[in-house]
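To start, the structure under review is shown below, and the notes come after it.
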Amino acid sequence: MIKLPNGVNVNNLIDDLKNLSWEVADILLTYSDIIKKSEKKSEILKNKNINDPVTLADLEVNELIIKRINQKYPNVNWGILSEENFKIKTNYYDRNTDWLWVLDPLDGTKDFIQGTGNFAMHLALNYKRRPHIGIVLIPEKDELWISYANTIWLEKRNGSIQKQNFSETNILQKMTVVTSKNHGNEKLKNLIDNIKFKKIIVMGSIGCKVASILRGESDIYISLSLPGKSAPKDWDFAAPEAILKAAGGAITNINNEDLVYGTTTLEHPGIIIASNSEQNHKKICTQISEIIQKYDIYP
């Protein structure tokens with residue numbers, strides 16, 4: 001068992017993270033209600049970049065989480081990598097630190113703006129560039145997914161606890177795939193069409209997609225980034241990977257290799273596959289790879 005940094009008790013830390021998460025939920029739900037009123041939407045947006053929008057909700061949640069971590073644990077030697085801070089100042093964090101918080105204050109910002117409800121807060125504590133603790137908060141569903149080492153649970157605001165409910169489907173063509181609403185491309189569409197999944201679900205936020213696998217609503221998620229284009233970053237995958245792997249699922253690249261965190265670009269390019277079974281995952285990756293080669297879908 002990996003020991004947390006000196007002075008950090010895991011039970012106290014989890015309690016702090018739960019309390020913090022519900023504070024975040026209040027902020028996100030408040031802004032979500034405001035943004036659904038079309039005349040108020042422009043007041044929430046902080047930039048005009050339709051491909052990478054930033055809202056007041058992103059910034060307020062980002063500030064709150066960093067402030068709370070620093071207040072609660074002022075003497076702990078860990079760093080914080082935040083999407084919003086990274087946009088302002090590249091390489092502002094220590095890449096060599098063993099313990100690193102990886103934060104996406106609002107994953108699925110486009111869906112947040114569109115009012116779909118498919119948005120989440122991601123917070124992971126990485127140890128030596130591997131997710132160790134994972135928090136995925138989905139406010140619109142009153143869901144707080146928490147993982148520590150190989151333990152995972154779903155907690156509601158009232159304190160009730162639930163377990164994941166994986167589908168037992170392990171045949172590729174009988175699976176339900178969950179795919180991106182706002183970050184798709186023709187290569188990904190072509191791949192999904194050729195696999196001939198039983199069902200396709202479309203939604204935003206990687207955290208929401210992985211949670212749908214944990215609930216048993218879907219079985220697999222595929223991320224496909226085109227060469228030379230933007231790709232998901234560490235803060236997109238760290239917390240979702242932590243909760244999925246703790247539950248017995250898997251997330252790797254197409255070659256069944258673990259995701260590598262803390263690279264210079266922080267990107268996860270190419271094809272990433274998340275599935276409902278660690279035991280079946282290698283086989284699924286191989287089958288998808290064969291389909292890609294057969295139809296010449298991806299370099």
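To be explicit about the labels: the chains of the structure tokens are called A, B, and onward in the order shown, and within each one the residues are counted from 1, while ligands get numbers from 1 in the order they are shown.
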Contacts of Thr179 of chain A at 8 Å (only C-alpha atoms; same-chain gap of 4+ positions) as number ranges by chain: A: 184, 200-204, 209, 221-223
Residue neighbourhood His122 of chain A, 9 Å, only C-alpha atoms, exclusion window fewer than 5 positions, as an MDAnalysis selection string: chainID A and resid 102:107 134:137 207 235:240
Pick out each residue of segment 74-262 of chain A that DSSP on the backbone tags as strand (DSSP E); I need them as an mmCIF file with N, CA and C atoms, in the first residue's frame.
data_model
loop_
_atom_site.group_PDB
_atom_site.id
_atom_site.type_symbol
_atom_site.label_atom_id
_atom_site.label_comp_id
_atom_site.auth_asym_id
_atom_site.auth_seq_id
_atom_site.Cartn_x
_atom_site.Cartn_y
_atom_site.Cartn_z
ATOM 1 N N GLY A 79 2.088 19.020 -5.237
ATOM 2 C CA GLY A 79 1.830 20.101 -6.176
ATOM 3 C C GLY A 79 0.406 20.042 -6.684
ATOM 4 N N ILE A 80 0.021 21.067 -7.452
ATOM 5 C CA ILE A 80 -1.309 21.123 -8.045
ATOM 6 C C ILE A 80 -1.178 21.491 -9.526
ATOM 7 N N LEU A 81 -1.703 20.624 -10.372
ATOM 8 C CA LEU A 81 -1.783 20.886 -11.810
ATOM 9 C C LEU A 81 -3.243 21.118 -12.142
ATOM 10 N N SER A 82 -3.563 22.339 -12.532
ATOM 11 C CA SER A 82 -4.939 22.709 -12.843
ATOM 12 C C SER A 82 -5.047 23.151 -14.296
ATOM 13 N N TRP A 99 3.961 13.608 -5.537
ATOM 14 C CA TRP A 99 2.527 13.738 -5.319
ATOM 15 C C TRP A 99 2.011 14.979 -6.034
ATOM 16 N N LEU A 100 0.994 14.789 -6.862
ATOM 17 C CA LEU A 100 0.478 15.900 -7.657
ATOM 18 C C LEU A 100 -1.044 15.806 -7.775
ATOM 19 N N TRP A 101 -1.719 16.872 -7.355
ATOM 20 C CA TRP A 101 -3.152 16.986 -7.610
ATOM 21 C C TRP A 101 -3.352 17.381 -9.073
ATOM 22 N N VAL A 102 -4.284 16.716 -9.734
ATOM 23 C CA VAL A 102 -4.586 17.018 -11.131
ATOM 24 C C VAL A 102 -6.067 17.400 -11.202
ATOM 25 N N LEU A 103 -6.324 18.639 -11.577
ATOM 26 C CA LEU A 103 -7.661 19.227 -11.434
ATOM 27 C C LEU A 103 -8.230 19.729 -12.756
ATOM 28 N N ASP A 104 -9.454 19.324 -13.030
ATOM 29 C CA ASP A 104 -10.272 19.954 -14.060
ATOM 30 C C ASP A 104 -11.531 20.457 -13.358
ATOM 31 N N PRO A 105 -11.613 21.766 -13.095
ATOM 32 C CA PRO A 105 -12.742 22.283 -12.312
ATOM 33 C C PRO A 105 -14.094 22.110 -12.988
ATOM 34 N N LEU A 106 -14.087 22.050 -14.327
ATOM 35 C CA LEU A 106 -15.343 21.859 -15.053
ATOM 36 C C LEU A 106 -15.045 21.116 -16.352
ATOM 37 N N ASP A 107 -15.200 19.805 -16.304
ATOM 38 C CA ASP A 107 -15.001 18.988 -17.497
ATOM 39 C C ASP A 107 -16.323 18.918 -18.245
ATOM 40 N N ALA A 120 -18.797 17.697 -15.277
ATOM 41 C CA ALA A 120 -18.269 17.091 -14.049
ATOM 42 C C ALA A 120 -17.075 17.888 -13.534
ATOM 43 N N MET A 121 -16.731 17.652 -12.300
ATOM 44 C CA MET A 121 -15.476 18.138 -11.734
ATOM 45 C C MET A 121 -14.567 16.938 -11.541
ATOM 46 N N HIS A 122 -13.336 17.030 -12.017
ATOM 47 C CA HIS A 122 -12.345 15.968 -11.859
ATOM 48 C C HIS A 122 -11.268 16.434 -10.893
ATOM 49 N N LEU A 123 -10.929 15.590 -9.944
ATOM 50 C CA LEU A 123 -9.799 15.855 -9.060
ATOM 51 C C LEU A 123 -9.119 14.535 -8.744
ATOM 52 N N ALA A 124 -7.854 14.425 -9.107
ATOM 53 C CA ALA A 124 -7.092 13.198 -8.834
ATOM 54 C C ALA A 124 -5.823 13.560 -8.082
ATOM 55 N N LEU A 125 -5.384 12.642 -7.230
ATOM 56 C CA LEU A 125 -4.077 12.765 -6.596
ATOM 57 C C LEU A 125 -3.184 11.699 -7.207
ATOM 58 N N ASN A 126 -2.227 12.139 -8.006
ATOM 59 C CA ASN A 126 -1.310 11.218 -8.667
ATOM 60 C C ASN A 126 -0.077 10.987 -7.806
ATOM 61 N N TYR A 127 0.396 9.749 -7.798
ATOM 62 C CA TYR A 127 1.657 9.419 -7.137
ATOM 63 C C TYR A 127 2.608 8.861 -8.187
ATOM 64 N N ARG A 130 0.981 8.371 -11.558
ATOM 65 C CA ARG A 130 -0.124 7.423 -11.704
ATOM 66 C C ARG A 130 -1.258 7.835 -10.752
ATOM 67 N N PRO A 131 -2.519 7.811 -11.232
ATOM 68 C CA PRO A 131 -3.644 8.191 -10.370
ATOM 69 C C PRO A 131 -3.769 7.270 -9.158
ATOM 70 N N HIS A 132 -3.898 7.865 -7.982
ATOM 71 C CA HIS A 132 -3.974 7.113 -6.730
ATOM 72 C C HIS A 132 -5.319 7.339 -6.029
ATOM 73 N N ILE A 133 -5.767 8.583 -6.008
ATOM 74 C CA ILE A 133 -7.099 8.930 -5.493
ATOM 75 C C ILE A 133 -7.848 9.624 -6.622
ATOM 76 N N GLY A 134 -9.119 9.304 -6.765
ATOM 77 C CA GLY A 134 -9.910 9.926 -7.818
ATOM 78 C C GLY A 134 -11.237 10.445 -7.305
ATOM 79 N N ILE A 135 -11.594 11.637 -7.759
ATOM 80 C CA ILE A 135 -12.888 12.235 -7.441
ATOM 81 C C ILE A 135 -13.533 12.681 -8.747
ATOM 82 N N VAL A 136 -14.717 12.171 -9.032
ATOM 83 C CA VAL A 136 -15.498 12.663 -10.164
ATOM 84 C C VAL A 136 -16.873 13.055 -9.633
ATOM 85 N N LEU A 137 -17.152 14.335 -9.688
ATOM 86 C CA LEU A 137 -18.411 14.890 -9.196
ATOM 87 C C LEU A 137 -19.305 15.232 -10.387
ATOM 88 N N ILE A 138 -20.532 14.695 -10.386
ATOM 89 C CA ILE A 138 -21.502 15.009 -11.435
ATOM 90 C C ILE A 138 -22.709 15.660 -10.755
ATOM 91 N N GLU A 143 -24.160 12.913 -7.928
ATOM 92 C CA GLU A 143 -23.231 11.790 -7.839
ATOM 93 C C GLU A 143 -21.822 12.267 -7.514
ATOM 94 N N LEU A 144 -21.241 11.636 -6.503
ATOM 95 C CA LEU A 144 -19.839 11.858 -6.165
ATOM 96 C C LEU A 144 -19.139 10.505 -6.163
ATOM 97 N N TRP A 145 -18.374 10.241 -7.214
ATOM 98 C CA TRP A 145 -17.602 9.002 -7.320
ATOM 99 C C TRP A 145 -16.251 9.214 -6.652
ATOM 100 N N ILE A 146 -15.886 8.299 -5.756
ATOM 101 C CA ILE A 146 -14.652 8.426 -4.986
ATOM 102 C C ILE A 146 -13.884 7.113 -5.075
ATOM 103 N N SER A 147 -12.598 7.210 -5.370
ATOM 104 C CA SER A 147 -11.774 5.994 -5.348
ATOM 105 C C SER A 147 -10.489 6.265 -4.593
ATOM 106 N N TYR A 148 -10.052 5.238 -3.877
ATOM 107 C CA TYR A 148 -8.773 5.272 -3.176
ATOM 108 C C TYR A 148 -8.148 3.899 -3.312
ATOM 109 N N THR A 151 -10.374 0.745 -3.966
ATOM 110 C CA THR A 151 -11.716 0.888 -3.403
ATOM 111 C C THR A 151 -12.450 2.021 -4.103
ATOM 112 N N ILE A 152 -13.716 1.777 -4.442
ATOM 113 C CA ILE A 152 -14.522 2.817 -5.087
ATOM 114 C C ILE A 152 -15.938 2.775 -4.545
ATOM 115 N N TRP A 153 -16.553 3.950 -4.444
ATOM 116 C CA TRP A 153 -17.962 4.008 -4.088
ATOM 117 C C TRP A 153 -18.576 5.287 -4.663
ATOM 118 N N LEU A 154 -19.888 5.247 -4.774
ATOM 119 C CA LEU A 154 -20.676 6.395 -5.225
ATOM 120 C C LEU A 154 -21.440 6.930 -4.031
ATOM 121 N N GLU A 155 -21.252 8.206 -3.756
ATOM 122 C CA GLU A 155 -21.905 8.808 -2.607
ATOM 123 C C GLU A 155 -22.858 9.901 -3.062
ATOM 124 N N ILE A 161 -24.670 5.509 0.212
ATOM 125 C CA ILE A 161 -23.558 4.924 -0.549
ATOM 126 C C ILE A 161 -24.095 3.886 -1.529
ATOM 127 N N GLN A 162 -23.555 3.910 -2.741
ATOM 128 C CA GLN A 162 -23.902 2.911 -3.739
ATOM 129 C C GLN A 162 -22.632 2.357 -4.368
ATOM 130 N N THR A 176 -22.542 -1.334 -25.744
ATOM 131 C CA THR A 176 -23.013 0.034 -25.941
ATOM 132 C C THR A 176 -21.816 0.964 -25.799
ATOM 133 N N VAL A 177 -21.567 1.772 -26.801
ATOM 134 C CA VAL A 177 -20.447 2.699 -26.771
ATOM 135 C C VAL A 177 -20.956 4.086 -26.390
ATOM 136 N N VAL A 178 -20.203 4.773 -25.556
ATOM 137 C CA VAL A 178 -20.508 6.168 -25.237
ATOM 138 C C VAL A 178 -19.443 7.020 -25.917
ATOM 139 N N THR A 179 -19.886 8.005 -26.664
ATOM 140 C CA THR A 179 -18.955 8.781 -27.471
ATOM 141 C C THR A 179 -19.181 10.274 -27.278
ATOM 142 N N SER A 180 -18.247 11.057 -27.779
ATOM 143 C CA SER A 180 -18.235 12.489 -27.513
ATOM 144 C C SER A 180 -19.337 13.235 -28.250
ATOM 145 N N LYS A 199 -25.426 -0.267 -29.527
ATOM 146 C CA LYS A 199 -26.072 1.019 -29.245
ATOM 147 C C LYS A 199 -25.005 2.098 -29.092
ATOM 148 N N ILE A 200 -25.360 3.326 -29.441
ATOM 149 C CA ILE A 200 -24.454 4.467 -29.312
ATOM 150 C C ILE A 200 -25.115 5.501 -28.411
ATOM 151 N N ILE A 201 -24.387 5.933 -27.374
ATOM 152 C CA ILE A 201 -24.832 7.020 -26.500
ATOM 153 C C ILE A 201 -23.886 8.201 -26.709
ATOM 154 N N VAL A 202 -24.440 9.386 -26.837
ATOM 155 C CA VAL A 202 -23.625 10.576 -27.062
ATOM 156 C C VAL A 202 -23.744 11.497 -25.851
ATOM 157 N N MET A 203 -22.612 11.902 -25.296
ATOM 158 C CA MET A 203 -22.623 12.852 -24.174
ATOM 159 C C MET A 203 -21.274 13.537 -24.041
ATOM 160 N N ILE A 220 -18.249 0.821 -23.122
ATOM 161 C CA ILE A 220 -16.953 1.197 -23.671
ATOM 162 C C ILE A 220 -16.965 2.647 -24.141
ATOM 163 N N TYR A 221 -15.833 3.292 -24.004
ATOM 164 C CA TYR A 221 -15.636 4.659 -24.498
ATOM 165 C C TYR A 221 -14.350 4.682 -25.308
ATOM 166 N N ILE A 222 -14.391 5.343 -26.473
ATOM 167 C CA ILE A 222 -13.226 5.454 -27.333
ATOM 168 C C ILE A 222 -12.936 6.929 -27.580
ATOM 169 N N SER A 223 -11.711 7.337 -27.307
ATOM 170 C CA SER A 223 -11.233 8.677 -27.642
ATOM 171 C C SER A 223 -10.272 8.552 -28.816
ATOM 172 N N LEU A 224 -10.526 9.289 -29.884
ATOM 173 C CA LEU A 224 -9.648 9.262 -31.054
ATOM 174 C C LEU A 224 -9.268 10.684 -31.416
ATOM 175 N N ALA A 250 -10.917 -0.820 -17.155
ATOM 176 C CA ALA A 250 -9.584 -0.532 -17.672
ATOM 177 C C ALA A 250 -9.631 0.647 -18.616
ATOM 178 N N ILE A 251 -8.511 1.353 -18.688
ATOM 179 C CA ILE A 251 -8.355 2.438 -19.643
ATOM 180 C C ILE A 251 -6.901 2.470 -20.095
ATOM 181 N N THR A 252 -6.692 2.323 -21.393
ATOM 182 C CA THR A 252 -5.346 2.265 -21.964
ATOM 183 C C THR A 252 -5.365 2.885 -23.357
ATOM 184 N N ASN A 253 -4.200 2.907 -23.987
ATOM 185 C CA ASN A 253 -4.191 3.253 -25.401
ATOM 186 C C ASN A 253 -4.567 2.015 -26.214
#
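Interatomic distance, atom CA of Asn185 of chain A against atom CA of His281 of chain A: 23.8 Å.
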message: So that I can check the surroundings of Gly262 of chain A, please list as number ranges by chain every protein, DNA and RNA residue that reaches within 7 Å of it, counting only C-alpha atoms and ignoring chain neighbours fewer than 3 positions away.
response: A: 95, 129, 266
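Separating atom CA of Ile171 of chain A from atom CA of Ala211 of chain A is a distance of 20.2 Å.
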